[in-house]
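Shown below: structure15.cif, with mmCIF, C-alpha atoms.
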data_target
loop_
_atom_site.label_atom_id
_atom_site.label_comp_id
_atom_site.auth_asym_id
_atom_site.auth_seq_id
_atom_site.Cartn_x
_atom_site.Cartn_y
_atom_site.Cartn_z
CA MET A 1051 5.34 54.55 68.20
CA VAL A 1052 5.90 51.63 65.80
CA SER A 1053 9.41 50.78 64.71
CA PRO A 1054 9.76 50.90 60.91
CA THR A 1055 12.72 48.50 61.14
CA LEU A 1056 10.47 45.49 61.71
CA ALA A 1057 8.48 46.21 58.56
CA LEU A 1058 11.68 46.51 56.57
CA PHE A 1059 12.59 42.91 57.46
CA VAL A 1060 9.68 41.63 55.39
CA ARG A 1061 11.02 41.51 51.85
CA SER A 1062 8.77 40.99 48.86
CA LYS A 1063 10.18 39.95 45.52
CA GLY A 1064 7.60 41.96 43.59
CA PRO A 1065 3.90 42.29 42.81
CA ASP A 1066 3.79 38.99 40.82
CA GLU A 1067 5.22 36.87 43.59
CA PHE A 1068 1.87 35.27 44.40
CA TRP A 1069 1.29 34.04 40.87
CA ARG A 1070 4.89 32.97 40.35
CA LYS A 1071 4.66 30.79 43.42
CA ARG A 1072 1.20 29.59 42.48
CA ARG A 1073 2.63 28.04 39.30
CA ILE A 1074 4.82 25.86 41.49
CA PHE A 1075 2.13 25.08 44.07
CA LYS A 1076 -0.26 23.88 41.36
CA LEU A 1077 2.28 21.28 40.28
CA ALA A 1078 2.91 20.29 43.91
CA ALA A 1079 -0.74 19.92 44.91
CA HIS A 1080 -0.50 16.16 45.33
CA PHE A 1081 2.76 16.13 47.34
CA ARG A 1082 3.02 15.25 51.01
CA GLY A 1083 3.51 17.62 53.96
CA ARG A 1084 5.53 20.85 53.71
CA LYS A 1085 6.48 20.06 50.11
CA ARG A 1086 2.89 20.98 49.27
CA ASN A 1087 2.68 24.27 51.14
CA CYS A 1088 6.12 25.84 51.64
CA TYR A 1089 7.58 27.44 48.54
CA SER A 1090 11.31 26.99 49.07
CA ILE A 1091 10.81 23.29 49.82
CA ALA A 1092 8.21 22.75 47.07
CA VAL A 1093 10.39 24.26 44.33
CA ARG A 1094 13.07 21.63 44.70
CA TYR A 1095 10.64 18.74 44.53
CA VAL A 1096 8.71 20.22 41.62
CA HIS A 1097 11.93 20.53 39.66
CA ARG A 1098 12.76 16.89 40.37
CA ALA A 1099 9.25 15.87 39.32
CA LEU A 1100 9.56 17.73 36.00
CA VAL A 1101 12.93 16.15 35.30
CA TYR A 1102 11.48 12.70 36.01
CA ALA A 1103 8.55 13.43 33.69
CA THR A 1104 10.93 14.49 30.90
CA LYS A 1105 13.15 11.45 31.27
CA GLY A 1106 10.17 9.15 31.70
CA ARG A 1107 8.85 9.79 28.23
CA LYS A 1108 11.81 7.94 26.72
CA LEU A 1109 11.69 5.21 29.35
CA LYS A 1110 8.01 4.64 28.62
CA LYS A 1111 8.80 3.75 25.02
CA MET A 1112 11.54 1.38 26.16
CA ASP A 1113 9.24 -0.18 28.75
CA MET A 1114 6.48 -0.75 26.23
CA ALA A 1115 8.91 -2.36 23.78
CA GLU A 1116 10.14 -4.66 26.54
CA LEU A 1117 6.57 -5.54 27.50
CA TRP A 1118 5.65 -6.40 23.93
CA SER A 1119 8.76 -8.55 23.57
CA ARG A 1120 7.96 -10.45 26.74
CA ARG A 1121 4.39 -11.04 25.62
CA VAL A 1122 5.47 -12.36 22.23
CA GLN A 1123 8.06 -14.52 23.94
CA ALA A 1124 5.43 -15.95 26.27
CA GLY A 1125 3.21 -16.68 23.29
CA CYS A 1126 5.83 -18.42 21.21
CA GLU A 1127 7.38 -20.35 24.10
CA GLN A 1128 4.00 -22.06 24.44
CA TYR A 1129 4.62 -23.60 21.06
CA GLY A 1130 8.23 -24.50 21.76
CA ILE A 1131 10.13 -21.85 19.82
CA THR A 1132 12.40 -19.11 21.20
CA LEU A 1133 11.81 -15.43 20.55
CA ASP A 1134 15.05 -14.95 18.57
CA THR A 1135 14.30 -17.87 16.28
CA PHE A 1136 10.70 -16.70 15.85
CA LYS A 1137 11.70 -13.19 14.84
CA ASP A 1138 14.54 -14.44 12.67
CA THR A 1139 12.30 -16.85 10.75
CA LEU A 1140 9.62 -14.20 10.29
CA THR A 1141 12.12 -11.83 8.70
CA ARG A 1142 13.46 -14.63 6.53
CA ASN A 1143 9.91 -15.15 5.31
CA ASN A 1144 9.55 -11.40 4.60
CA ILE A 1145 6.91 -10.94 7.29
CA LEU A 1146 7.57 -7.50 8.80
CA LEU A 1147 5.18 -7.33 11.73
CA ASN A 1148 6.59 -5.30 14.60
CA LYS A 1149 6.65 -6.21 18.30
CA LYS A 1150 3.46 -4.30 19.02
CA SER A 1151 1.47 -6.07 16.28
CA LEU A 1152 2.86 -9.47 17.22
CA SER A 1153 1.90 -8.97 20.85
CA ASP A 1154 -1.61 -7.86 19.85
CA LEU A 1155 -1.98 -10.98 17.75
CA ALA A 1156 -0.62 -13.18 20.52
CA ILE A 1157 -3.23 -11.85 22.94
CA TRP A 1158 -6.30 -11.23 20.81
CA GLU A 1159 -5.85 -13.45 17.74
CA PRO A 1160 -4.40 -16.69 19.07
CA LYS A 1161 -5.18 -18.70 15.97
CA SER A 1162 -3.44 -16.21 13.69
CA PHE A 1163 -0.48 -16.20 16.05
CA GLU A 1164 -0.41 -19.97 15.95
CA THR A 1165 -0.24 -19.91 12.13
CA LEU A 1166 2.73 -17.54 12.31
CA VAL A 1167 4.42 -19.83 14.80
CA LYS A 1168 3.83 -22.85 12.57
CA LEU A 1169 5.31 -20.97 9.60
CA SER A 1170 8.35 -20.06 11.65
CA ARG A 1171 8.80 -23.60 12.97
CA GLU A 1172 8.80 -24.92 9.39
CA ARG A 1173 11.33 -22.33 8.31
CA ALA A 1174 13.51 -23.01 11.35
CA VAL A 1175 13.58 -26.70 10.45
CA VAL A 1176 14.38 -25.98 6.82
CA ASP A 1177 17.14 -23.49 7.64
CA SER A 1178 18.27 -25.63 10.62
CA LEU A 1179 18.13 -22.83 13.19
CA PRO A 1180 18.43 -23.54 16.90
CA GLY A 1181 15.70 -22.68 19.36
CA LEU A 1182 13.14 -25.37 18.64
CA THR A 1183 11.83 -27.53 21.44
CA GLU A 1184 8.90 -29.79 22.00
CA ARG A 1185 5.61 -28.09 22.53
CA SER A 1186 5.24 -28.31 26.28
CA VAL A 1187 2.12 -29.60 27.95
CA MET A 1188 2.95 -27.71 31.15
CA ASN A 1189 3.51 -24.50 29.24
CA GLN A 1190 0.02 -24.05 27.87
CA VAL A 1191 -2.65 -21.57 28.75
CA TYR A 1192 -4.91 -24.15 30.26
CA GLY A 1193 -7.97 -24.84 28.23
CA LEU A 1194 -7.20 -22.54 25.31
CA ALA A 1195 -6.88 -25.42 22.90
CA ASN A 1196 -10.25 -26.71 24.07
CA LEU A 1197 -11.93 -23.33 24.03
CA LYS A 1198 -15.32 -23.61 22.40
CA LEU A 1199 -17.01 -20.34 21.64
CA ASP A 1200 -20.76 -20.08 21.46
CA LYS A 1201 -22.24 -21.40 18.25
CA MET B 594 6.21 -29.97 3.71
CA GLU B 595 9.29 -29.27 1.68
CA PHE B 596 7.40 -27.03 -0.69
CA LEU B 597 7.75 -24.36 1.95
CA ALA B 598 11.47 -24.48 1.33
CA LYS B 599 10.77 -23.28 -2.19
CA GLY B 600 9.16 -20.23 -0.69
CA LEU B 601 5.49 -20.99 -1.37
CA LEU B 602 6.05 -19.50 -4.77
CA SER B 603 3.92 -21.57 -7.06
CA VAL B 604 1.13 -21.44 -4.54
CA ALA B 605 1.19 -17.75 -3.85
CA ARG B 606 2.00 -17.02 -7.48
CA GLN B 607 4.03 -13.93 -6.74
CA PRO B 608 7.32 -13.53 -8.53
CA ARG B 609 10.23 -14.12 -6.18
CA LEU B 610 11.66 -10.64 -6.41
CA ILE B 611 11.80 -9.61 -2.77
CA ASN B 612 14.45 -11.96 -1.52
CA ASN B 613 16.67 -9.82 0.61
CA LEU B 614 15.96 -7.77 3.70
CA SER B 615 16.80 -4.31 2.36
CA GLN B 616 14.38 -4.79 -0.52
CA THR B 617 11.77 -6.00 1.93
CA PHE B 618 12.08 -2.94 4.13
CA ARG B 619 11.83 -0.75 1.05
CA ALA B 620 8.39 -2.24 0.53
CA LEU B 621 7.10 -0.51 3.62
CA SER B 622 8.60 2.85 2.85
CA ILE B 623 7.45 3.22 -0.75
CA THR B 624 3.94 3.02 -2.09
CA PRO B 625 2.62 -0.39 -3.17
CA ARG B 626 2.23 0.76 -6.77
CA LEU B 627 5.95 1.34 -7.23
CA LEU B 628 6.60 -1.98 -5.55
CA GLN B 629 4.52 -3.87 -8.06
CA GLN B 630 5.81 -2.17 -11.18
CA GLN B 631 7.95 -5.17 -11.98
CA LYS B 632 9.92 -5.41 -15.19
CA GLN B 633 8.32 -7.92 -17.50
CA SER B 634 11.67 -9.63 -18.11
CA LEU B 635 12.13 -10.23 -14.40
CA VAL B 636 8.63 -11.62 -14.09
CA LYS B 637 9.24 -14.02 -16.98
CA ASN B 638 12.57 -15.14 -15.58
CA ALA B 639 11.02 -15.83 -12.21
CA ALA B 640 8.21 -17.83 -13.80
CA LEU B 641 10.73 -19.89 -15.79
CA ALA B 642 12.82 -20.59 -12.72
CA ASN B 643 9.80 -21.73 -10.79
CA LYS B 644 8.58 -24.12 -13.46
CA ASN B 645 11.59 -26.27 -12.76
CA ASP B 646 10.77 -26.60 -9.03
CA LYS B 647 9.04 -29.85 -8.31
CA VAL B 648 6.10 -29.28 -6.04
CA SER B 649 4.29 -32.48 -5.36
CA GLU B 650 0.79 -32.84 -6.69
CA VAL B 651 -0.62 -33.65 -3.27
CA GLU B 652 0.71 -30.48 -1.68
CA GLN B 653 -0.37 -28.37 -4.65
CA LYS B 654 -3.85 -29.82 -4.29
CA GLU B 655 -3.92 -29.19 -0.53
CA CYS B 656 -3.07 -25.54 -1.05
CA GLN B 657 -5.67 -25.21 -3.77
CA ASP B 658 -8.27 -26.72 -1.40
CA VAL B 659 -7.45 -24.11 1.22
CA PHE B 660 -7.79 -21.32 -1.33
CA ASN B 661 -11.11 -22.75 -2.54
CA LYS B 662 -12.50 -22.88 0.98
CA VAL B 663 -11.53 -19.27 1.62
CA ASN B 664 -12.93 -18.16 -1.75
CA THR B 665 -16.27 -19.93 -1.16
CA GLN B 666 -16.57 -18.23 2.23
CA LEU B 667 -15.84 -14.88 0.66
CA ALA B 668 -18.30 -15.51 -2.17
CA GLU B 669 -21.06 -16.46 0.28
CA ARG B 670 -20.11 -13.44 2.47
CA LYS B 671 -19.84 -15.67 5.50
CA GLU B 672 -16.38 -14.58 6.61
CA GLY B 673 -17.71 -12.34 9.40
CA ARG B 674 -15.85 -9.42 10.96
CA LEU B 675 -12.40 -8.83 9.47
CA PHE B 676 -9.42 -7.40 11.30
CA ALA B 677 -6.26 -6.12 9.64
CA ILE B 678 -2.80 -4.97 10.60
CA VAL B 679 -2.13 -1.82 8.62
CA HIS B 680 1.07 0.22 8.29
CA LEU B 681 0.40 3.98 8.55
CA CYS B 682 2.85 6.82 9.14
CA GLY B 683 5.62 4.46 10.18
CA LYS B 684 3.54 2.64 12.77
CA GLN B 685 1.49 -0.55 12.63
CA PHE B 686 -2.07 -0.66 13.90
CA LYS B 687 -4.39 -3.61 14.40
CA VAL B 688 -7.75 -2.35 13.18
CA THR B 689 -11.27 -3.56 12.67
CA ALA B 690 -14.41 -1.81 11.43
CA GLY B 691 -15.54 0.93 13.80
CA ASP B 692 -12.15 1.53 15.44
CA ILE B 693 -10.64 4.95 16.00
CA ILE B 694 -6.90 5.30 15.45
CA LEU B 695 -4.67 8.11 16.68
CA VAL B 696 -1.75 9.16 14.50
CA GLU B 697 0.72 11.56 16.09
CA GLY B 698 2.73 14.05 14.12
CA TYR B 699 2.34 16.16 11.01
CA TRP B 700 -0.01 14.48 8.50
CA PRO B 701 -1.69 16.48 5.74
CA PRO B 702 -5.17 14.86 5.39
CA THR B 703 -7.84 17.06 7.00
CA ILE B 704 -11.19 16.45 8.66
CA GLY B 705 -13.72 14.73 6.41
CA ASP B 706 -11.21 13.18 4.02
CA GLU B 707 -12.04 9.60 3.10
CA ILE B 708 -8.97 7.48 2.79
CA ARG B 709 -8.12 3.99 1.70
CA LEU B 710 -5.40 2.39 3.81
CA GLU B 711 -3.31 0.34 1.42
CA LYS B 712 -0.30 -1.02 3.23
CA VAL B 713 -1.99 -4.04 4.74
CA LEU B 714 0.41 -6.49 6.39
CA LEU B 715 -2.09 -9.05 7.58
CA ALA B 716 -5.84 -9.51 7.39
CA GLY B 717 -7.86 -12.10 9.26
CA ALA B 718 -11.33 -13.41 9.88
CA LYS B 719 -12.78 -16.08 12.11
CA ASP B 720 -11.64 -19.00 9.97
CA PHE B 721 -8.67 -17.74 7.95
CA THR B 722 -5.76 -15.31 8.01
CA LEU B 723 -4.12 -13.67 5.03
CA ILE B 724 -0.46 -12.97 5.75
CA GLY B 725 1.34 -10.54 3.49
CA ARG B 726 5.02 -10.90 2.67
CA PRO B 727 5.51 -8.14 3.62
CA LEU B 728 2.33 -6.56 2.22
CA LEU B 729 -0.77 -8.18 0.82
CA PRO B 730 -1.35 -7.59 -2.91
CA GLN B 731 -2.65 -4.08 -3.41
CA GLY B 732 -6.42 -4.00 -3.76
CA LEU B 733 -6.99 -7.41 -2.19
CA VAL B 734 -8.11 -5.98 1.14
CA ASN B 735 -9.90 -2.63 1.00
CA ILE B 736 -9.79 -0.60 4.22
CA LYS B 737 -11.88 2.57 4.13
CA ALA B 738 -11.32 5.24 6.75
CA THR B 739 -12.39 8.82 7.47
CA ILE B 740 -10.49 11.56 9.27
CA ILE B 741 -12.68 12.76 12.13
CA GLU B 742 -10.53 15.05 14.23
CA LYS B 743 -7.32 17.08 14.06
CA THR B 744 -6.10 18.32 17.43
CA LEU B 745 -2.91 18.94 19.36
CA THR B 746 -1.47 16.71 22.06
CA HIS B 747 -1.56 17.86 25.68
CA THR B 748 1.23 20.26 26.62
CA LYS B 749 4.42 18.33 27.30
CA THR B 750 6.93 20.09 29.53
CA HIS B 751 10.56 19.58 28.55
CA PHE B 752 12.51 20.52 31.66
CA LYS B 753 16.29 20.32 32.01
CA LYS B 754 18.19 21.01 35.20
CA LYS B 755 21.80 20.56 36.25
CA ARG B 756 22.03 20.79 40.01
CA ARG B 757 24.32 23.37 41.60
CA LYS B 758 25.34 24.76 38.18
CA GLN B 759 22.64 27.43 37.75
CA PHE B 760 21.40 25.68 34.59
CA MET B 761 17.66 25.33 34.15
CA ARG B 762 15.68 25.29 30.90
CA ILE B 763 11.96 24.82 30.35
CA ASN B 764 10.21 24.29 26.99
CA PHE B 765 6.61 23.47 26.15
CA GLN B 766 5.71 21.26 23.22
CA ARG B 767 2.44 20.32 21.48
CA SER B 768 2.37 18.25 18.31
CA PRO B 769 -0.58 17.68 15.98
CA ASN B 770 -2.79 14.59 16.35
CA THR B 771 -5.13 13.01 13.83
CA MET B 772 -8.05 10.75 14.75
CA ILE B 773 -9.11 8.32 12.05
CA ARG B 774 -12.27 6.24 12.11
CA ILE B 775 -12.08 2.92 10.25
CA ASN B 776 -15.32 2.53 8.34
CA THR B 777 -15.09 -0.90 6.68
CA ILE B 778 -12.66 -3.67 5.88
CA GLU B 779 -13.49 -5.87 2.89
CA VAL B 780 -11.77 -8.49 0.80
CA GLU B 781 -12.30 -7.42 -2.80
CA ARG B 782 -10.90 -10.19 -4.96
CA LYS B 783 -10.40 -13.92 -4.81
CA VAL B 784 -7.51 -14.94 -2.68
CA ASP B 785 -5.38 -16.81 -5.24
CA ASP B 786 -5.52 -14.24 -8.03
CA PRO B 787 -2.04 -13.67 -9.47
CA ALA B 788 -0.41 -10.35 -8.56
CA GLN B 789 -1.24 -7.69 -11.09
CA VAL B 790 0.73 -4.75 -12.40
CA ILE B 791 -1.23 -1.70 -11.34
CA SER B 792 -2.07 0.67 -14.17
CA GLU B 793 -4.51 3.07 -12.50
CA PRO B 794 -3.26 6.61 -11.87
CA ARG B 795 -2.29 7.47 -8.30
CA ILE B 796 -2.64 10.88 -6.68
CA PHE B 797 0.65 10.68 -4.79
#

Kindly present the structure from the file in structure tokens form.
Amino acid sequence: MVSPTLALFVRSKGPDEFWRKRRIFKLAAHFRGRKRNCYSIAVRYVHRALVYATKGRKLKKMDMAELWSRRVQAGCEQYGITLDTFKDTLTRNNILLNKKSLSDLAIWEPKSFETLVKLSRERAVVDSLPGLTERSVMNQVYGLANLKLDK
Amino acid sequence: MEFLAKGLLSVARQPRLINNLSQTFRALSITPRLLQQQKQSLVKNAALANKNDKVSEVEQKECQDVFNKVNTQLAERKEGRLFAIVHLCGKQFKVTAGDIILVEGYWPPTIGDEIRLEKVLLAGAKDFTLIGRPLLPQGLVNIKATIIEKTLTHTKTHFKKKRRKQFMRINFQRSPNTMIRINTIEVERKVDDPAQVISEPRIF
């Protein structure tokens, strides 16, 4: 004779339990160890992952802006002008390129970027702004000035 | 090069009307036609003021030489592939012919619409760059584009949780996306043409 008490210890939360848990396991498929396979452990880590994803969307925009700023700064420091002075002189000249465009120019259109830097150096001299130094020999991308493309 | 201190005015031949930052930012938020509807009195006053500036003959000639070189290249169609930085839906894109751009958010134009992108901040070729302050004169650089796709973004999960407080919210969000193919970029006019008051009718 089988005891019915043992069967009563197994408690199911309902007919949809499998699919409810599957929603969590799908998001945890790439986790490590029991976090991947055991529901009560996986739930906690999936919730943390979703919160990180939500917060990360704002951080991504901030990170990209910082990256663009650093790239523009690297580009203009080559020519001996600081980022603040560069941006200030561009706005004084009514040139409203944003950080993303300036960084694209600095990478892919070096000659155009150099013309912008020259404009800003002139304006900085005229308006006597700080942040101008000598163009440094050590601070160059080696060989860019001598780059000869195929003719 | 002290002529730069006078704001390149005689050379660029644009009336010096945008001389503070708030007016400059307005240029990007309103259409170029409204921007260039200048009052005739203002234009005349600006021209008068600039006649008194002394720009040396040598520098004037240098600038004219640069313009002539650019114009001869354009006339002989030897400028090559052009790139441009265009302002669209609040964002700036660096485009060239054949590119596909993605614009996120609600934007009315549908698939198959052929569009001219007018707010051009900068245009460049192999040997010269045209820098707009803040925009290039309307109609100088013609950028033709076609809308090729209108989709939604992937599903973004907005999940909020406060630990130990029984507070958990989940929302799903998809916003519309538009893919635009840039067909051509061309320089229509000569580079040192004076800025014109636009009289053609605009749709919006």

- From the list B:Thr744, B:Thr771, B:Asn664, B:Asn764, which residue is nearest Phe721 in chain B when using all atoms listed in the file? B:Asn664

- Distance of CA of Trp1118 in chain A from CA of Thr1135 in chain A, expressed in Å to one decimal place: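 Atom-to-atom, CA of Thr1135 in chain A and CA of Trp1118 in chain A are spaced 16.3 Å apart.
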
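With distances restricted to all atoms listed in the file, B:Thr722 is the closest residue to Leu1166 in chain A from B:Thr722, B:Lys755, B:Gln731, B:Leu745.
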
- Do you know which residues are at most 10 Å from Thr1139 in chain A counting only C-alpha atoms, after dropping those on the same chain fewer than 6 positions away, and could you put them as a PyMOL selection string? chain A and resi 1133+1145+1166-1167+1169-1175+1177+1179

Taking C-alpha atoms for each residue, export the selection above as an mmCIF file, keeping the file's coordinate frame.
data_model
loop_
_atom_site.group_PDB
_atom_site.id
_atom_site.type_symbol
_atom_site.label_atom_id
_atom_site.label_comp_id
_atom_site.auth_asym_id
_atom_site.auth_seq_id
_atom_site.Cartn_x
_atom_site.Cartn_y
_atom_site.Cartn_z
ATOM 1 C CA LEU A 1133 11.810 -15.430 20.550
ATOM 2 C CA ILE A 1145 6.910 -10.940 7.290
ATOM 3 C CA LEU A 1166 2.730 -17.540 12.310
ATOM 4 C CA VAL A 1167 4.420 -19.830 14.800
ATOM 5 C CA LEU A 1169 5.310 -20.970 9.600
ATOM 6 C CA SER A 1170 8.350 -20.060 11.650
ATOM 7 C CA ARG A 1171 8.800 -23.600 12.970
ATOM 8 C CA GLU A 1172 8.800 -24.920 9.390
ATOM 9 C CA ARG A 1173 11.330 -22.330 8.310
ATOM 10 C CA ALA A 1174 13.510 -23.010 11.350
ATOM 11 C CA VAL A 1175 13.580 -26.700 10.450
ATOM 12 C CA ASP A 1177 17.140 -23.490 7.640
ATOM 13 C CA LEU A 1179 18.130 -22.830 13.190
#

- Task: Using all atoms listed in the file, find the residues of chain B whose closest atom to chain A is at most 6 Å away, then write them as a list in words.
- Result: Arg726, Pro727, His751 and Phe752 of chain B

- Message: Using Å and a single decimal, report how far CA of Val696 in chain B sits from CA of Lys1137 in chain A.
- Response: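 These two atoms are separated by 26.1 Å.
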
Report as a tab-separated table (two decimals) with C-alpha atoms, in the frame of the given file the residues that result from applying the PyMOL selection byres ((chain B and resi 743) around 8) to the structure here.
chain	number	residue	atom	x	y	z
B	703	THR	CA	-7.84	17.06	7.00
B	704	ILE	CA	-11.19	16.45	8.66
B	740	ILE	CA	-10.49	11.56	9.27
B	741	ILE	CA	-12.68	12.76	12.13
B	742	GLU	CA	-10.53	15.05	14.23
B	744	THR	CA	-6.10	18.32	17.43
B	745	LEU	CA	-2.91	18.94	19.36
B	769	PRO	CA	-0.58	17.68	15.98
B	770	ASN	CA	-2.79	14.59	16.35
B	771	THR	CA	-5.13	13.01	13.83
B	772	MET	CA	-8.05	10.75	14.75

- Query: Do you know which residues are at most 12 Å from range 1058-1071 of chain A counting all atoms listed in the file, after dropping those on the same chain fewer than 3 positions away, and could you put them as number ranges by chain?
  - Reply: A: 1053-1055, 1074-1078, 1086-1093, 1096

- Message: Could you list, as a ChimeraX atom specification, every residue matched by the PyMOL selection byres ((chain B and resi 766) around 9) in this structure?
- Response: /B:746-751,764-765,767-768

- Query: Can you tell me, as an NGL selection string, what residues are no more than 10 Å from Asn776 in chain B when counting only C-alpha atoms, ignoring any on the same chain fewer than 5 positions away?
  - Reply: :B and (689-693 or 707-709 or 736-739)

- Message: Taking all atoms listed in the file into account, name the residue in B:Leu723, B:Val734, B:Val713, B:Ala668 that is nearest to Ile778 in chain B.
- Response: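 When distances to Ile778 in chain B are compared using all atoms listed in the file, the smallest one comes from B:Val734.
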
- List the residues sitting within 10 Å of (7.0, -22.8, 22.4) in the file's frame, using all atoms listed in the file, as a PyMOL selection string. chain A and resi 1123-1133+1136+1167+1171+1181-1186+1189-1190

- Query: What is the distance, in Å and to one decimal place, between CA of Lys654 in chain B and CA of Ile724 in chain B?
  - Reply: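 It comes out at 19.9 Å.
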
- Task: Would you kindly return, as a PyMOL selection string, each protein, DNA or RNA residue with an atom no farther than 6 Å from any atom of Phe676 in chain B, considering only C-alpha atoms and excluding same-chain residues fewer than 4 positions away?
- Result: chain B and resi 688-689+716-717

- Message: Applying 9 Å and all atoms listed in the file, which residues near Ala718 in chain B remain after dropping the ones on its own chain fewer than 5 positions away? List them as an MDAnalysis selection string.
- Response: chainID B and resid 672:677 723

- Task: Convert the output of the PyMOL selection byres ((chain B and resi 762) around 6) on the shown file into explicit residues, formatted as a ChimeraX atom specification.
- Result: /B:752-753,761,763
